[in-house]
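J.: Can you read through this structure? Questions will come right after.
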Amino acid sequence: MERLLGNRYKIIKALGNGGFGETYLAEDMHMPGNFHCVVKHLTPQCPDPSTLSVAQRLFKKEAEILFRSTSRFREKKQRSR
């Protein structure tokens with residue numbers, strides 16, 4: 001599966017999917033050292049504008065929480081070296 005999302009994330013493999021999108025293990029092509037990350041691609045199934053608005057808000061909130069969590073994990077890992 002050689003696919004590039006957002007001209008940045010090279011998809012390594014699919015991890016799962018649900019009602020709002022797909023989740024992938026990816027390589028961030030903008031980070032040094034073949035940095036691996038999890039990418040969620042928002043692809044809601046319902047075209048209703050109000051449902052899409054809620055999906056976008058929840059998606060963004062989840063992304064922010066995951067980013068803060070993984071940032072703290074990386075900082076802690078760096079300090080322990």
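Labeling convention for the structure tokens: chains A, B, ... as they appear, residues from 1 per chain, ligands from 1 in order of appearance.
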Would you mind listing, for every residue of region 34-75 of chain A within 8 Å of region 2-25 of chain A, the two atoms forming the shortest contact and the distance between them in Å to one decimal, using only C-alpha atoms, sorted by chain and ascending residue number, as a Markdown table?

T.:
| residue | atom | partner | partner_atom | distance |
| --- | --- | --- | --- | --- |
| A:His36 | CA | A:Leu25 | CA | 7.0 |
| A:Cys37 | CA | A:Leu25 | CA | 6.0 |
| A:Val38 | CA | A:Leu25 | CA | 4.7 |
| A:Val39 | CA | A:Tyr24 | CA | 5.2 |
| A:Lys40 | CA | A:Thr23 | CA | 4.4 |
| A:His41 | CA | A:Glu22 | CA | 5.2 |
| A:Leu42 | CA | A:Gly21 | CA | 4.4 |
| A:Thr43 | CA | A:Gly21 | CA | 4.4 |
| A:Pro44 | CA | A:Phe20 | CA | 4.2 |
| A:Gln45 | CA | A:Gly19 | CA | 6.5 |
| A:Ala55 | CA | A:Phe20 | CA | 6.8 |

J.: Could those residues be written to a file, using all heavy atoms, as a PDB file, in the first residue's frame?

T.:
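Result saved to result_14.pdb:
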ATOM      1  N   HIS A  36       7.432   7.352  12.745  1.00  0.00           N
ATOM      2  CA  HIS A  36       6.149   6.675  12.550  1.00  0.00           C
ATOM      3  C   HIS A  36       5.086   7.305  13.436  1.00  0.00           C
ATOM      4  O   HIS A  36       5.372   7.732  14.557  1.00  0.00           O
ATOM      5  CB  HIS A  36       6.267   5.186  12.871  1.00  0.00           C
ATOM      6  CG  HIS A  36       7.019   4.439  11.831  1.00  0.00           C
ATOM      7  ND1 HIS A  36       7.529   3.192  12.047  1.00  0.00           N
ATOM      8  CD2 HIS A  36       7.359   4.745  10.564  1.00  0.00           C
ATOM      9  CE1 HIS A  36       8.141   2.762  10.963  1.00  0.00           C
ATOM     10  NE2 HIS A  36       8.048   3.695  10.052  1.00  0.00           N
ATOM     11  N   CYS A  37       3.870   7.328  12.935  1.00  0.00           N
ATOM     12  CA  CYS A  37       2.763   7.913  13.674  1.00  0.00           C
ATOM     13  C   CYS A  37       1.469   7.231  13.246  1.00  0.00           C
ATOM     14  O   CYS A  37       1.444   6.441  12.304  1.00  0.00           O
ATOM     15  CB  CYS A  37       2.682   9.414  13.430  1.00  0.00           C
ATOM     16  SG  CYS A  37       2.468   9.860  11.693  1.00  0.00           S
ATOM     17  N   VAL A  38       0.406   7.537  13.953  1.00  0.00           N
ATOM     18  CA  VAL A  38      -0.914   7.058  13.581  1.00  0.00           C
ATOM     19  C   VAL A  38      -1.662   8.231  12.958  1.00  0.00           C
ATOM     20  O   VAL A  38      -1.673   9.330  13.506  1.00  0.00           O
ATOM     21  CB  VAL A  38      -1.677   6.511  14.807  1.00  0.00           C
ATOM     22  CG1 VAL A  38      -3.111   6.167  14.443  1.00  0.00           C
ATOM     23  CG2 VAL A  38      -0.958   5.299  15.369  1.00  0.00           C
ATOM     24  N   VAL A  39      -2.255   7.993  11.803  1.00  0.00           N
ATOM     25  CA  VAL A  39      -2.996   9.023  11.083  1.00  0.00           C
ATOM     26  C   VAL A  39      -4.452   8.592  10.980  1.00  0.00           C
ATOM     27  O   VAL A  39      -4.745   7.455  10.607  1.00  0.00           O
ATOM     28  CB  VAL A  39      -2.415   9.223   9.663  1.00  0.00           C
ATOM     29  CG1 VAL A  39      -3.267  10.183   8.862  1.00  0.00           C
ATOM     30  CG2 VAL A  39      -0.992   9.705   9.732  1.00  0.00           C
ATOM     31  N   LYS A  40      -5.339   9.502  11.348  1.00  0.00           N
ATOM     32  CA  LYS A  40      -6.768   9.256  11.169  1.00  0.00           C
ATOM     33  C   LYS A  40      -7.234  10.138  10.019  1.00  0.00           C
ATOM     34  O   LYS A  40      -7.023  11.344  10.033  1.00  0.00           O
ATOM     35  CB  LYS A  40      -7.541   9.578  12.445  1.00  0.00           C
ATOM     36  CG  LYS A  40      -7.231   8.582  13.554  1.00  0.00           C
ATOM     37  CD  LYS A  40      -8.154   8.736  14.715  1.00  0.00           C
ATOM     38  CE  LYS A  40      -9.452   8.060  14.395  1.00  0.00           C
ATOM     39  NZ  LYS A  40     -10.321   7.882  15.547  1.00  0.00           N
ATOM     40  N   HIS A  41      -7.843   9.523   9.036  1.00  0.00           N
ATOM     41  CA  HIS A  41      -8.327  10.226   7.857  1.00  0.00           C
ATOM     42  C   HIS A  41      -9.843  10.337   7.962  1.00  0.00           C
ATOM     43  O   HIS A  41     -10.543   9.330   7.915  1.00  0.00           O
ATOM     44  CB  HIS A  41      -7.907   9.449   6.610  1.00  0.00           C
ATOM     45  CG  HIS A  41      -8.203  10.143   5.341  1.00  0.00           C
ATOM     46  ND1 HIS A  41      -8.576   9.469   4.212  1.00  0.00           N
ATOM     47  CD2 HIS A  41      -8.179  11.451   4.996  1.00  0.00           C
ATOM     48  CE1 HIS A  41      -8.774  10.331   3.227  1.00  0.00           C
ATOM     49  NE2 HIS A  41      -8.549  11.534   3.677  1.00  0.00           N
ATOM     50  N   LEU A  42     -10.331  11.566   8.145  1.00  0.00           N
ATOM     51  CA  LEU A  42     -11.763  11.806   8.321  1.00  0.00           C
ATOM     52  C   LEU A  42     -12.491  11.585   6.996  1.00  0.00           C
ATOM     53  O   LEU A  42     -12.241  12.271   6.008  1.00  0.00           O
ATOM     54  CB  LEU A  42     -12.005  13.230   8.819  1.00  0.00           C
ATOM     55  CG  LEU A  42     -13.451  13.647   9.054  1.00  0.00           C
ATOM     56  CD1 LEU A  42     -14.079  12.788  10.139  1.00  0.00           C
ATOM     57  CD2 LEU A  42     -13.517  15.117   9.445  1.00  0.00           C
ATOM     58  N   THR A  43     -13.378  10.601   6.986  1.00  0.00           N
ATOM     59  CA  THR A  43     -14.199  10.303   5.814  1.00  0.00           C
ATOM     60  C   THR A  43     -15.602   9.915   6.276  1.00  0.00           C
ATOM     61  O   THR A  43     -15.982   8.750   6.226  1.00  0.00           O
ATOM     62  CB  THR A  43     -13.597   9.159   4.966  1.00  0.00           C
ATOM     63  OG1 THR A  43     -13.385   8.039   5.825  1.00  0.00           O
ATOM     64  CG2 THR A  43     -12.304   9.544   4.317  1.00  0.00           C
ATOM     65  N   PRO A  44     -16.368  10.899   6.779  1.00  0.00           N
ATOM     66  CA  PRO A  44     -17.702  10.586   7.301  1.00  0.00           C
ATOM     67  C   PRO A  44     -18.625  10.051   6.216  1.00  0.00           C
ATOM     68  O   PRO A  44     -18.559  10.470   5.062  1.00  0.00           O
ATOM     69  CB  PRO A  44     -18.195  11.914   7.856  1.00  0.00           C
ATOM     70  CG  PRO A  44     -17.370  12.949   7.201  1.00  0.00           C
ATOM     71  CD  PRO A  44     -16.072  12.308   6.823  1.00  0.00           C
ATOM     72  N   GLN A  45     -19.492   9.138   6.597  1.00  0.00           N
ATOM     73  CA  GLN A  45     -20.415   8.500   5.660  1.00  0.00           C
ATOM     74  C   GLN A  45     -21.695   9.300   5.443  1.00  0.00           C
ATOM     75  O   GLN A  45     -22.369   9.122   4.447  1.00  0.00           O
ATOM     76  CB  GLN A  45     -20.775   7.096   6.178  1.00  0.00           C
ATOM     77  CG  GLN A  45     -19.573   6.206   6.431  1.00  0.00           C
ATOM     78  CD  GLN A  45     -18.743   5.988   5.174  1.00  0.00           C
ATOM     79  OE1 GLN A  45     -19.289   5.683   4.128  1.00  0.00           O
ATOM     80  NE2 GLN A  45     -17.443   6.166   5.274  1.00  0.00           N
ATOM     81  N   ALA A  55     -19.032  15.742  13.528  1.00  0.00           N
ATOM     82  CA  ALA A  55     -17.922  14.811  13.257  1.00  0.00           C
ATOM     83  C   ALA A  55     -16.593  15.555  13.217  1.00  0.00           C
ATOM     84  O   ALA A  55     -15.604  15.100  13.799  1.00  0.00           O
ATOM     85  CB  ALA A  55     -18.159  14.081  11.937  1.00  0.00           C
TER      86      ALA A  55
END

J.: For the strand (DSSP E or B) assignment from backbone DSSP, which residues of chain A qualify? Please present them as a ChimeraX atom specification.

T.: /A:3-5,9-17,21-28,36-42

J.: Hey, can you spit out that residue selection with N, CA and C atoms as a CSV table (one decimal), in the first residue's frame?

T.:
chain,number,residue,atom,x,y,z
A,3,ARG,N,0.7,4.8,-0.5
A,3,ARG,CA,-0.2,5.9,-0.6
A,3,ARG,C,0.3,7.1,0.3
A,4,LEU,N,0.1,8.3,-0.2
A,4,LEU,CA,0.5,9.5,0.5
A,4,LEU,C,-0.7,10.4,0.8
A,5,LEU,N,-0.9,10.7,2.1
A,5,LEU,CA,-2.0,11.5,2.6
A,5,LEU,C,-1.4,12.9,2.8
A,9,TYR,N,2.1,12.1,4.8
A,9,TYR,CA,2.1,10.9,5.5
A,9,TYR,C,2.1,9.7,4.5
A,10,LYS,N,3.2,8.9,4.5
A,10,LYS,CA,3.2,7.7,3.7
A,10,LYS,C,2.6,6.5,4.5
A,11,ILE,N,1.5,6.0,4.0
A,11,ILE,CA,0.8,5.0,4.6
A,11,ILE,C,1.6,3.7,4.6
A,12,ILE,N,1.8,3.1,5.8
A,12,ILE,CA,2.4,1.8,5.9
A,12,ILE,C,1.4,0.6,5.9
A,13,LYS,N,0.4,0.8,6.8
A,13,LYS,CA,-0.7,-0.2,6.8
A,13,LYS,C,-1.9,0.4,7.4
A,14,ALA,N,-3.1,-0.2,7.0
A,14,ALA,CA,-4.3,0.2,7.6
A,14,ALA,C,-4.5,-0.5,9.0
A,15,LEU,N,-5.0,0.3,10.0
A,15,LEU,CA,-5.1,-0.2,11.3
A,15,LEU,C,-6.6,-0.5,11.6
A,16,GLY,N,-7.5,0.3,11.0
A,16,GLY,CA,-8.9,0.1,11.3
A,16,GLY,C,-9.7,1.2,10.6
A,17,ASN,N,-11.1,1.1,10.7
A,17,ASN,CA,-12.0,2.1,10.2
A,17,ASN,C,-13.2,2.1,11.0
A,21,GLY,N,-14.1,7.6,9.8
A,21,GLY,CA,-12.9,7.6,9.0
A,21,GLY,C,-12.1,6.3,9.2
A,22,GLU,N,-10.9,6.4,8.7
A,22,GLU,CA,-9.9,5.3,8.7
A,22,GLU,C,-8.7,5.7,9.5
A,23,THR,N,-8.0,4.7,10.1
A,23,THR,CA,-6.8,4.9,10.9
A,23,THR,C,-5.7,4.1,10.2
A,24,TYR,N,-4.5,4.7,10.1
A,24,TYR,CA,-3.4,4.1,9.5
A,24,TYR,C,-2.1,4.3,10.3
A,25,LEU,N,-1.2,3.3,10.2
A,25,LEU,CA,0.2,3.5,10.6
A,25,LEU,C,0.9,4.2,9.5
A,26,ALA,N,1.6,5.3,9.7
A,26,ALA,CA,2.2,6.0,8.6
A,26,ALA,C,3.6,6.5,9.0
A,27,GLU,N,4.3,6.9,8.0
A,27,GLU,CA,5.6,7.5,8.2
A,27,GLU,C,5.4,9.0,7.8
A,28,ASP,N,5.8,9.9,8.7
A,28,ASP,CA,5.8,11.3,8.5
A,28,ASP,C,7.0,11.7,7.7
A,36,HIS,N,7.4,7.4,12.7
A,36,HIS,CA,6.1,6.7,12.6
A,36,HIS,C,5.1,7.3,13.4
A,37,CYS,N,3.9,7.3,12.9
A,37,CYS,CA,2.8,7.9,13.7
A,37,CYS,C,1.5,7.2,13.2
A,38,VAL,N,0.4,7.5,14.0
A,38,VAL,CA,-0.9,7.1,13.6
A,38,VAL,C,-1.7,8.2,13.0
A,39,VAL,N,-2.3,8.0,11.8
A,39,VAL,CA,-3.0,9.0,11.1
A,39,VAL,C,-4.5,8.6,11.0
A,40,LYS,N,-5.3,9.5,11.3
A,40,LYS,CA,-6.8,9.3,11.2
A,40,LYS,C,-7.2,10.1,10.0
A,41,HIS,N,-7.8,9.5,9.0
A,41,HIS,CA,-8.3,10.2,7.9
A,41,HIS,C,-9.8,10.3,8.0
A,42,LEU,N,-10.3,11.6,8.1
A,42,LEU,CA,-11.8,11.8,8.3
A,42,LEU,C,-12.5,11.6,7.0

J.: Once DSSP has gone over the backbone, tell me which residues of region 26-73 of chain A are in alpha helix (DSSP H), as a count of residues only.

T.: 25
